[in-house]
Amino acid sequence: MVMDISGLNFLNKDQILKEKNETDFYAKDWTGHYKPDAKLVLFPRTSIEVQKIVLWALESKVSLVPSGGRTGLSAGALAQSGECIVSFEKMNQILDWNEADMSLKVQAGVITETVQKEVQKKGYLFPVDFGAVGSSHIGGNVATNAGGINVLKYGMTRNWVTHLTVVTGEGKVLNLGRQLIKNNVGFDLMNLFIASEGTLGLITEVGLRVTQKPKEQTAFLVLIQDVSQAIEVLSAFRKSCDLAAFEIFSQQTIPLLSKHSGRKFPLQAQSEYALIFDVLGDSSEALDVFSDLLESEKLVDGVLSESAEQYEQMWFWREQITESLSELKPYKSDISVRPSKIPEFFSWVESFIKIEYAGFNVFLFGHVGDGNIHVNITKPESMKHEDFLLECQRLTPVLFQKIQDMGGSISAEHGVGLIKRDFLHYSLSEVEIDYLRSIKNVFDPQGILNPGKLLPNL
Ligand code: FAD
Ligand code: MLT
Ligand code: ZN
């Protein structure tokens, strides 16, 4: 069907893409398994233009897929049946900085790293941080409630949002939150749009609060033999130190990163897992804890950063895992359990894969301090990719059943998108899913916003 775009004459030529070879680029995210199919890509510059696009879509019965930096890992920004993409790429203005309020206001398409740098220039910290900040948009972070490495201390994106301008699926513009720290006027509509993955409204402007920069920050990179030691080490440091990140990765990731980068891992000893964590402020107490743990053999070995360069070099081994695994096209799942249950989860996954999927490799890594693990599984070399995808389909419900049995969540930080939509019942009751549907109907009664994402089809 040809889309009538005469109603879009409020946009300039450079705000519309129609050619398939151009639209494909904007019609998919990092997930990679799906074929993109978008009819059109639109690039609004203001909230008013976004509102006009929604009103045009309602009139023309066109579905809209919001698209940020397309680094999402749940196929949330994917167009797969001729939808119209609304890209926020041109909504990249910093709108306001207020020193007294320690608060920044930006358009939704500002790159996350730009926000970080802008805030840093002012002498403060915007603590949401993860491997894709060089490409992801702040609007995408809000739409997915992005987590990352600093959640243990600073919480998820939600904790930093003080305002959202949103255009609903009815074409109404809402100004929510108003950059106030305290604002209890009934139901919290602003928070409903955080993690809504573009299904309730298009986020056009974001107000953020910021915090103080830590005076000192030391990274510790340590080796442990057994995953239960990860939780012991976490508790030991947490008692007396101010921890920001606390991350784990299995040793299989190390040769991949070495191959990719030519760099040499700074520790020689053999072990099953490595931990990397940040201690804020004076590190002398942390050094005492570190020595005690080495002495009691809870740690196999370890180093700490003594310069900004060493700090960067140590974090490289955690931050580059996703990139270096990507060429192996792994099966990926982002889950959470309570941190105390991490050892049970690790030993279950590892023995399950060993028994049921001989020849497959499992790479476990993630934000162990907050209970969020990324399960990445790769196929035996001889297996065809299509056969691997079928095996993954068989694996998903078993993995999610285990997560449900453990009281965990099938999506910790990457969101539901398309890939977990049909598995929501492992984390939510039927009653909860019905309430989500009712909320969707309030803000997007014609179902034009990101159809087929987040909520299972009836
Ligand atoms: P997109 O991928 O473009 O979109 C994500 C979702 O948000 C889609 O549903 C889209 O429709 C919707 N959306 C985008 N913009 C808007 C808007 N303005 N209004 C309404 N809806 C919108 N995530 C983490 O949480 N923690 C991590 O540690 C982490 N590490 C990563 C590392 C790598 C190397 C990669 C590739 C990804 C990682 N991610 C991580 C996933 C991803 O970066 C986040 O989910 C991020 O928040 C997505 O932002 P984006 O702008 O790229 O959004
Ligand atoms: C990470 O923490 O590195 C990510 O969320 C990305 C991934 O799961 O690959
Ligand atoms: Zn992560």
# chains A, B, ... in the order shown; residues from 1 in each chain; ligands from 1
$ residues_near_ligand --ligand "ligand 3" --cutoff "8 Å" --atoms "only C-alpha atoms and all ligand atoms" --output "short mmCIF file (atom, residue, chain, number, x, y, z; two decimals) with N, CA and C atoms, in the first residue's frame"
data_model
loop_
_atom_site.label_atom_id
_atom_site.label_comp_id
_atom_site.auth_asym_id
_atom_site.auth_seq_id
_atom_site.Cartn_x
_atom_site.Cartn_y
_atom_site.Cartn_z
N PHE A 130 27.04 2.91 30.43
CA PHE A 130 27.17 1.54 29.91
C PHE A 130 27.85 1.60 28.55
N GLY A 147 19.87 0.67 32.48
CA GLY A 147 20.57 0.43 33.75
C GLY A 147 22.06 0.72 33.59
N GLY A 148 22.86 -0.36 33.41
CA GLY A 148 24.29 -0.16 33.22
C GLY A 148 25.08 -0.46 34.47
N ILE A 149 26.32 0.06 34.50
CA ILE A 149 27.27 -0.40 35.51
C ILE A 149 27.12 0.29 36.87
N ASP A 334 18.80 -11.10 29.03
CA ASP A 334 19.13 -10.18 30.12
C ASP A 334 18.12 -10.45 31.24
N GLY A 366 27.90 -9.56 33.69
CA GLY A 366 26.89 -8.55 34.00
C GLY A 366 27.09 -7.89 35.33
N HIS A 367 25.97 -7.32 35.78
CA HIS A 367 25.98 -6.40 36.91
C HIS A 367 25.64 -7.20 38.18
N ASN A 372 21.77 -8.54 38.13
CA ASN A 372 21.45 -8.55 36.69
C ASN A 372 22.56 -9.26 35.89
N ILE A 373 22.19 -10.38 35.29
CA ILE A 373 23.18 -11.16 34.53
C ILE A 373 22.77 -11.23 33.05
N HIS A 374 23.79 -11.14 32.19
CA HIS A 374 23.58 -11.30 30.75
C HIS A 374 24.04 -12.70 30.35
N GLU A 413 17.06 -4.97 32.36
CA GLU A 413 17.38 -3.58 31.95
C GLU A 413 17.20 -3.34 30.45
N HIS A 414 17.12 -4.39 29.63
CA HIS A 414 17.04 -4.16 28.18
C HIS A 414 15.61 -3.99 27.69
#
$ residues_near_ligand --ligand "ligand 2" --cutoff "10 Å" --atoms "only C-alpha atoms and all ligand atoms" --output "compact mmCIF listing (two decimals) with N, CA and C atoms, in the first residue's frame"
# COMPACT_ATOMS: atom_id res chain seq x y z
N TRP A 30 20.17 -3.11 17.61
CA TRP A 30 21.36 -3.96 17.70
C TRP A 30 21.00 -5.45 17.71
N THR A 31 19.72 -5.78 17.87
CA THR A 31 19.32 -7.18 18.04
C THR A 31 19.74 -8.04 16.85
N THR A 71 20.53 1.24 19.70
CA THR A 71 21.44 0.30 20.37
C THR A 71 20.66 -0.72 21.21
N GLY A 72 19.34 -0.64 21.15
CA GLY A 72 18.49 -1.53 21.95
C GLY A 72 18.78 -2.99 21.66
N LEU A 73 18.56 -3.83 22.68
CA LEU A 73 18.86 -5.26 22.53
C LEU A 73 17.60 -6.10 22.67
N ASP A 129 25.53 4.90 32.96
CA ASP A 129 26.71 4.61 32.12
C ASP A 129 26.73 3.14 31.69
N PHE A 130 27.04 2.91 30.43
CA PHE A 130 27.17 1.54 29.91
C PHE A 130 27.85 1.60 28.55
N GLY A 131 28.13 0.42 27.97
CA GLY A 131 28.95 0.35 26.78
C GLY A 131 28.43 1.06 25.54
N ALA A 132 27.15 1.43 25.48
CA ALA A 132 26.61 2.00 24.24
C ALA A 132 26.33 3.50 24.35
N ALA A 146 17.13 2.49 31.03
CA ALA A 146 18.44 1.83 30.95
C ALA A 146 19.11 1.75 32.32
N GLY A 147 19.87 0.67 32.48
CA GLY A 147 20.57 0.43 33.75
C GLY A 147 22.06 0.72 33.59
N GLY A 148 22.86 -0.36 33.41
CA GLY A 148 24.29 -0.16 33.22
C GLY A 148 25.08 -0.46 34.47
N ILE A 149 26.32 0.06 34.50
CA ILE A 149 27.27 -0.40 35.51
C ILE A 149 27.12 0.29 36.87
N GLU A 247 30.83 -5.74 39.01
CA GLU A 247 30.54 -6.51 37.81
C GLU A 247 31.29 -7.84 37.77
N ILE A 248 30.71 -8.80 37.05
CA ILE A 248 31.36 -10.12 36.91
C ILE A 248 31.50 -10.46 35.42
N PHE A 249 32.53 -11.22 35.07
CA PHE A 249 32.56 -11.85 33.73
C PHE A 249 33.30 -13.17 33.81
N ARG A 318 35.65 -5.38 30.72
CA ARG A 318 34.21 -5.58 30.97
C ARG A 318 33.39 -4.88 29.89
N GLU A 319 33.78 -3.66 29.55
CA GLU A 319 32.92 -2.85 28.67
C GLU A 319 32.90 -3.32 27.23
N GLN A 320 33.96 -4.03 26.80
CA GLN A 320 34.02 -4.43 25.39
C GLN A 320 33.48 -5.84 25.14
N ILE A 321 32.91 -6.48 26.16
CA ILE A 321 32.47 -7.87 25.98
C ILE A 321 31.39 -7.98 24.89
N THR A 322 30.41 -7.12 24.94
CA THR A 322 29.30 -7.21 23.98
C THR A 322 29.80 -7.10 22.54
N GLU A 323 30.65 -6.11 22.30
CA GLU A 323 31.20 -5.89 20.95
C GLU A 323 31.95 -7.13 20.47
N SER A 324 32.81 -7.68 21.36
CA SER A 324 33.67 -8.77 20.88
C SER A 324 32.90 -10.08 20.73
N LEU A 325 31.79 -10.20 21.46
CA LEU A 325 30.96 -11.42 21.29
C LEU A 325 30.09 -11.33 20.04
N SER A 326 29.84 -10.09 19.58
CA SER A 326 28.80 -9.92 18.56
C SER A 326 29.09 -10.67 17.26
N PRO A 330 25.67 -14.38 19.29
CA PRO A 330 25.19 -15.22 20.40
C PRO A 330 23.69 -15.10 20.63
N LYS A 332 21.19 -14.12 23.30
CA LYS A 332 21.40 -13.22 24.43
C LYS A 332 20.15 -13.14 25.28
N SER A 333 20.31 -13.15 26.59
CA SER A 333 19.17 -12.86 27.44
C SER A 333 19.63 -12.07 28.65
N ASP A 334 18.80 -11.10 29.03
CA ASP A 334 19.13 -10.18 30.12
C ASP A 334 18.12 -10.45 31.24
N ILE A 335 18.59 -11.00 32.34
CA ILE A 335 17.66 -11.40 33.40
C ILE A 335 18.15 -10.86 34.76
N LEU A 364 28.80 -15.90 30.74
CA LEU A 364 27.96 -15.18 31.72
C LEU A 364 28.71 -13.93 32.16
N PHE A 365 28.03 -12.80 32.10
CA PHE A 365 28.64 -11.56 32.59
C PHE A 365 27.53 -10.60 32.98
N GLY A 366 27.90 -9.56 33.69
CA GLY A 366 26.89 -8.55 34.00
C GLY A 366 27.09 -7.89 35.33
N HIS A 367 25.97 -7.32 35.78
CA HIS A 367 25.98 -6.40 36.91
C HIS A 367 25.64 -7.20 38.18
N ASN A 372 21.77 -8.54 38.13
CA ASN A 372 21.45 -8.55 36.69
C ASN A 372 22.56 -9.26 35.89
N ILE A 373 22.19 -10.38 35.29
CA ILE A 373 23.18 -11.16 34.53
C ILE A 373 22.77 -11.23 33.05
N HIS A 374 23.79 -11.14 32.19
CA HIS A 374 23.58 -11.30 30.75
C HIS A 374 24.04 -12.70 30.35
N VAL A 375 23.07 -13.50 29.92
CA VAL A 375 23.37 -14.88 29.51
C VAL A 375 23.62 -14.85 28.01
N ASN A 376 24.81 -15.20 27.60
CA ASN A 376 25.14 -15.24 26.16
C ASN A 376 25.58 -16.65 25.82
N ALA A 412 15.78 -7.43 32.92
CA ALA A 412 16.31 -6.60 34.01
C ALA A 412 16.47 -5.16 33.57
N GLU A 413 17.06 -4.97 32.36
CA GLU A 413 17.38 -3.58 31.95
C GLU A 413 17.20 -3.34 30.45
N HIS A 414 17.12 -4.39 29.63
CA HIS A 414 17.04 -4.16 28.18
C HIS A 414 15.61 -3.99 27.69
$ closest_atom_pairs --of "region 202-258 of chain A" --to "region 275-287 of chain A" --cutoff "8 Å" --atoms "only C-alpha atoms" --output "Markdown table"
| residue | atom | partner | partner_atom | distance |
| --- | --- | --- | --- | --- |
| A:Pro214 | CA | A:Leu280 | CA | 6.2 |
| A:Lys215 | CA | A:Gly281 | CA | 5.9 |
| A:Glu216 | CA | A:Gly281 | CA | 4.6 |
| A:Gln217 | CA | A:Leu280 | CA | 4.6 |
| A:Thr218 | CA | A:Val279 | CA | 5.2 |
| A:Ala219 | CA | A:Asp278 | CA | 4.5 |
| A:Phe220 | CA | A:Phe277 | CA | 5.4 |
| A:Leu221 | CA | A:Ile276 | CA | 4.5 |
| A:Val222 | CA | A:Leu275 | CA | 5.3 |
| A:Leu223 | CA | A:Leu275 | CA | 6.3 |
| A:Ile224 | CA | A:Leu275 | CA | 7.5 |
| A:Ala230 | CA | A:Leu275 | CA | 7.3 |
| A:Phe237 | CA | A:Ala286 | CA | 6.6 |
| A:Ser240 | CA | A:Glu285 | CA | 6.9 |
| A:Cys241 | CA | A:Ala286 | CA | 6.2 |
| A:Asp242 | CA | A:Leu280 | CA | 5.4 |
| A:Leu243 | CA | A:Val279 | CA | 4.8 |
| A:Ala244 | CA | A:Asp278 | CA | 5.4 |
| A:Ala245 | CA | A:Phe277 | CA | 5.1 |
| A:Phe246 | CA | A:Phe277 | CA | 4.3 |
| A:Glu247 | CA | A:Ile276 | CA | 5.2 |
| A:Ile248 | CA | A:Leu275 | CA | 4.5 |
| A:Phe249 | CA | A:Leu275 | CA | 6.5 |
$ residues_around --residues "Lys298 (chain A)" --least-positions-apart "5" --cutoff "12 Å" --atoms "only C-alpha atoms" --output "list in words"
Val222, Leu223, Ile224, Gln225, Asp226, Val227, Ser228, Gln229, Ala230, Ile231, Glu232, Val233, Leu234, Ala236, Ser271, Val289, Phe290, Ser291, Asp292 and Leu293 of chain A
$ closest_residue --among "A:Gln446, A:Asn21, A:Asn12, A:Ser47" --to "Leu64 (chain A)" --atoms "only C-alpha atoms"
A:Gln446
$ decode --residues "region 383-408 of chain A" --atoms "N, CA, C and O atoms" --output "PDB file, in the first residue's frame"
ATOM      1  N   MET A 383      27.519 -26.049  13.574  1.00  0.00           N
ATOM      2  CA  MET A 383      26.047 -25.919  13.495  1.00  0.00           C
ATOM      3  C   MET A 383      25.629 -24.739  12.612  1.00  0.00           C
ATOM      4  O   MET A 383      26.245 -23.666  12.657  1.00  0.00           O
ATOM      5  N   LYS A 384      24.582 -24.961  11.792  1.00  0.00           N
ATOM      6  CA  LYS A 384      24.084 -23.872  10.934  1.00  0.00           C
ATOM      7  C   LYS A 384      23.352 -22.848  11.804  1.00  0.00           C
ATOM      8  O   LYS A 384      22.697 -23.220  12.790  1.00  0.00           O
ATOM      9  N   HIS A 385      23.419 -21.570  11.392  1.00  0.00           N
ATOM     10  CA  HIS A 385      22.808 -20.513  12.204  1.00  0.00           C
ATOM     11  C   HIS A 385      21.293 -20.742  12.380  1.00  0.00           C
ATOM     12  O   HIS A 385      20.745 -20.548  13.473  1.00  0.00           O
ATOM     13  N   GLU A 386      20.606 -21.211  11.300  1.00  0.00           N
ATOM     14  CA  GLU A 386      19.146 -21.434  11.402  1.00  0.00           C
ATOM     15  C   GLU A 386      18.845 -22.502  12.446  1.00  0.00           C
ATOM     16  O   GLU A 386      17.870 -22.405  13.198  1.00  0.00           O
ATOM     17  N   ASP A 387      19.669 -23.561  12.471  1.00  0.00           N
ATOM     18  CA  ASP A 387      19.449 -24.629  13.466  1.00  0.00           C
ATOM     19  C   ASP A 387      19.680 -24.084  14.878  1.00  0.00           C
ATOM     20  O   ASP A 387      18.977 -24.443  15.820  1.00  0.00           O
ATOM     21  N   PHE A 388      20.674 -23.210  14.987  1.00  0.00           N
ATOM     22  CA  PHE A 388      20.978 -22.596  16.285  1.00  0.00           C
ATOM     23  C   PHE A 388      19.764 -21.791  16.776  1.00  0.00           C
ATOM     24  O   PHE A 388      19.364 -21.890  17.934  1.00  0.00           O
ATOM     25  N   LEU A 389      19.146 -21.030  15.857  1.00  0.00           N
ATOM     26  CA  LEU A 389      17.999 -20.217  16.261  1.00  0.00           C
ATOM     27  C   LEU A 389      16.855 -21.106  16.762  1.00  0.00           C
ATOM     28  O   LEU A 389      16.163 -20.766  17.723  1.00  0.00           O
ATOM     29  N   LEU A 390      16.685 -22.266  16.113  1.00  0.00           N
ATOM     30  CA  LEU A 390      15.637 -23.206  16.569  1.00  0.00           C
ATOM     31  C   LEU A 390      15.950 -23.736  17.969  1.00  0.00           C
ATOM     32  O   LEU A 390      15.075 -23.830  18.825  1.00  0.00           O
ATOM     33  N   GLU A 391      17.232 -24.044  18.200  1.00  0.00           N
ATOM     34  CA  GLU A 391      17.651 -24.514  19.528  1.00  0.00           C
ATOM     35  C   GLU A 391      17.375 -23.434  20.581  1.00  0.00           C
ATOM     36  O   GLU A 391      16.955 -23.723  21.697  1.00  0.00           O
ATOM     37  N   CYS A 392      17.609 -22.178  20.189  1.00  0.00           N
ATOM     38  CA  CYS A 392      17.394 -21.069  21.138  1.00  0.00           C
ATOM     39  C   CYS A 392      15.918 -20.950  21.499  1.00  0.00           C
ATOM     40  O   CYS A 392      15.565 -20.654  22.637  1.00  0.00           O
ATOM     41  N   GLN A 393      15.060 -21.194  20.506  1.00  0.00           N
ATOM     42  CA  GLN A 393      13.612 -21.141  20.777  1.00  0.00           C
ATOM     43  C   GLN A 393      13.217 -22.173  21.822  1.00  0.00           C
ATOM     44  O   GLN A 393      12.331 -21.962  22.632  1.00  0.00           O
ATOM     45  N   ARG A 394      13.888 -23.325  21.778  1.00  0.00           N
ATOM     46  CA  ARG A 394      13.611 -24.400  22.728  1.00  0.00           C
ATOM     47  C   ARG A 394      14.148 -24.014  24.126  1.00  0.00           C
ATOM     48  O   ARG A 394      13.561 -24.361  25.141  1.00  0.00           O
ATOM     49  N   LEU A 395      15.236 -23.285  24.097  1.00  0.00           N
ATOM     50  CA  LEU A 395      15.917 -22.945  25.360  1.00  0.00           C
ATOM     51  C   LEU A 395      15.186 -21.852  26.161  1.00  0.00           C
ATOM     52  O   LEU A 395      15.106 -21.915  27.394  1.00  0.00           O
ATOM     53  N   THR A 396      14.637 -20.865  25.454  1.00  0.00           N
ATOM     54  CA  THR A 396      14.072 -19.686  26.134  1.00  0.00           C
ATOM     55  C   THR A 396      13.053 -20.037  27.228  1.00  0.00           C
ATOM     56  O   THR A 396      13.192 -19.580  28.364  1.00  0.00           O
ATOM     57  N   PRO A 397      12.008 -20.852  26.927  1.00  0.00           N
ATOM     58  CA  PRO A 397      11.030 -21.111  27.994  1.00  0.00           C
ATOM     59  C   PRO A 397      11.626 -21.841  29.192  1.00  0.00           C
ATOM     60  O   PRO A 397      11.188 -21.620  30.323  1.00  0.00           O
ATOM     61  N   VAL A 398      12.644 -22.671  28.943  1.00  0.00           N
ATOM     62  CA  VAL A 398      13.267 -23.388  30.075  1.00  0.00           C
ATOM     63  C   VAL A 398      14.008 -22.389  30.969  1.00  0.00           C
ATOM     64  O   VAL A 398      13.887 -22.406  32.195  1.00  0.00           O
ATOM     65  N   LEU A 399      14.742 -21.484  30.326  1.00  0.00           N
ATOM     66  CA  LEU A 399      15.474 -20.455  31.072  1.00  0.00           C
ATOM     67  C   LEU A 399      14.500 -19.578  31.867  1.00  0.00           C
ATOM     68  O   LEU A 399      14.695 -19.312  33.057  1.00  0.00           O
ATOM     69  N   PHE A 400      13.429 -19.152  31.196  1.00  0.00           N
ATOM     70  CA  PHE A 400      12.484 -18.249  31.860  1.00  0.00           C
ATOM     71  C   PHE A 400      11.721 -18.954  32.982  1.00  0.00           C
ATOM     72  O   PHE A 400      11.350 -18.331  33.982  1.00  0.00           O
ATOM     73  N   GLN A 401      11.462 -20.259  32.796  1.00  0.00           N
ATOM     74  CA  GLN A 401      10.798 -21.006  33.873  1.00  0.00           C
ATOM     75  C   GLN A 401      11.677 -21.008  35.121  1.00  0.00           C
ATOM     76  O   GLN A 401      11.197 -20.823  36.243  1.00  0.00           O
ATOM     77  N   LYS A 402      12.983 -21.212  34.896  1.00  0.00           N
ATOM     78  CA  LYS A 402      13.917 -21.218  36.027  1.00  0.00           C
ATOM     79  C   LYS A 402      13.902 -19.839  36.717  1.00  0.00           C
ATOM     80  O   LYS A 402      13.877 -19.740  37.947  1.00  0.00           O
ATOM     81  N   ILE A 403      13.905 -18.785  35.888  1.00  0.00           N
ATOM     82  CA  ILE A 403      13.882 -17.426  36.445  1.00  0.00           C
ATOM     83  C   ILE A 403      12.605 -17.212  37.265  1.00  0.00           C
ATOM     84  O   ILE A 403      12.635 -16.656  38.370  1.00  0.00           O
ATOM     85  N   GLN A 404      11.492 -17.681  36.723  1.00  0.00           N
ATOM     86  CA  GLN A 404      10.229 -17.540  37.459  1.00  0.00           C
ATOM     87  C   GLN A 404      10.303 -18.303  38.792  1.00  0.00           C
ATOM     88  O   GLN A 404       9.941 -17.779  39.839  1.00  0.00           O
ATOM     89  N   ASP A 405      10.819 -19.537  38.725  1.00  0.00           N
ATOM     90  CA  ASP A 405      10.919 -20.353  39.947  1.00  0.00           C
ATOM     91  C   ASP A 405      11.803 -19.668  40.984  1.00  0.00           C
ATOM     92  O   ASP A 405      11.612 -19.844  42.180  1.00  0.00           O
ATOM     93  N   MET A 406      12.787 -18.904  40.509  1.00  0.00           N
ATOM     94  CA  MET A 406      13.702 -18.245  41.441  1.00  0.00           C
ATOM     95  C   MET A 406      13.199 -16.863  41.869  1.00  0.00           C
ATOM     96  O   MET A 406      13.898 -16.134  42.573  1.00  0.00           O
ATOM     97  N   GLY A 407      12.000 -16.491  41.412  1.00  0.00           N
ATOM     98  CA  GLY A 407      11.447 -15.179  41.779  1.00  0.00           C
ATOM     99  C   GLY A 407      12.164 -14.026  41.105  1.00  0.00           C
ATOM    100  O   GLY A 407      12.174 -12.896  41.615  1.00  0.00           O
ATOM    101  N   GLY A 408      12.761 -14.288  39.940  1.00  0.00           N
ATOM    102  CA  GLY A 408      13.517 -13.247  39.238  1.00  0.00           C
ATOM    103  C   GLY A 408      12.692 -12.568  38.156  1.00  0.00           C
ATOM    104  O   GLY A 408      11.468 -12.718  38.104  1.00  0.00           O
TER     105      GLY A 408
END
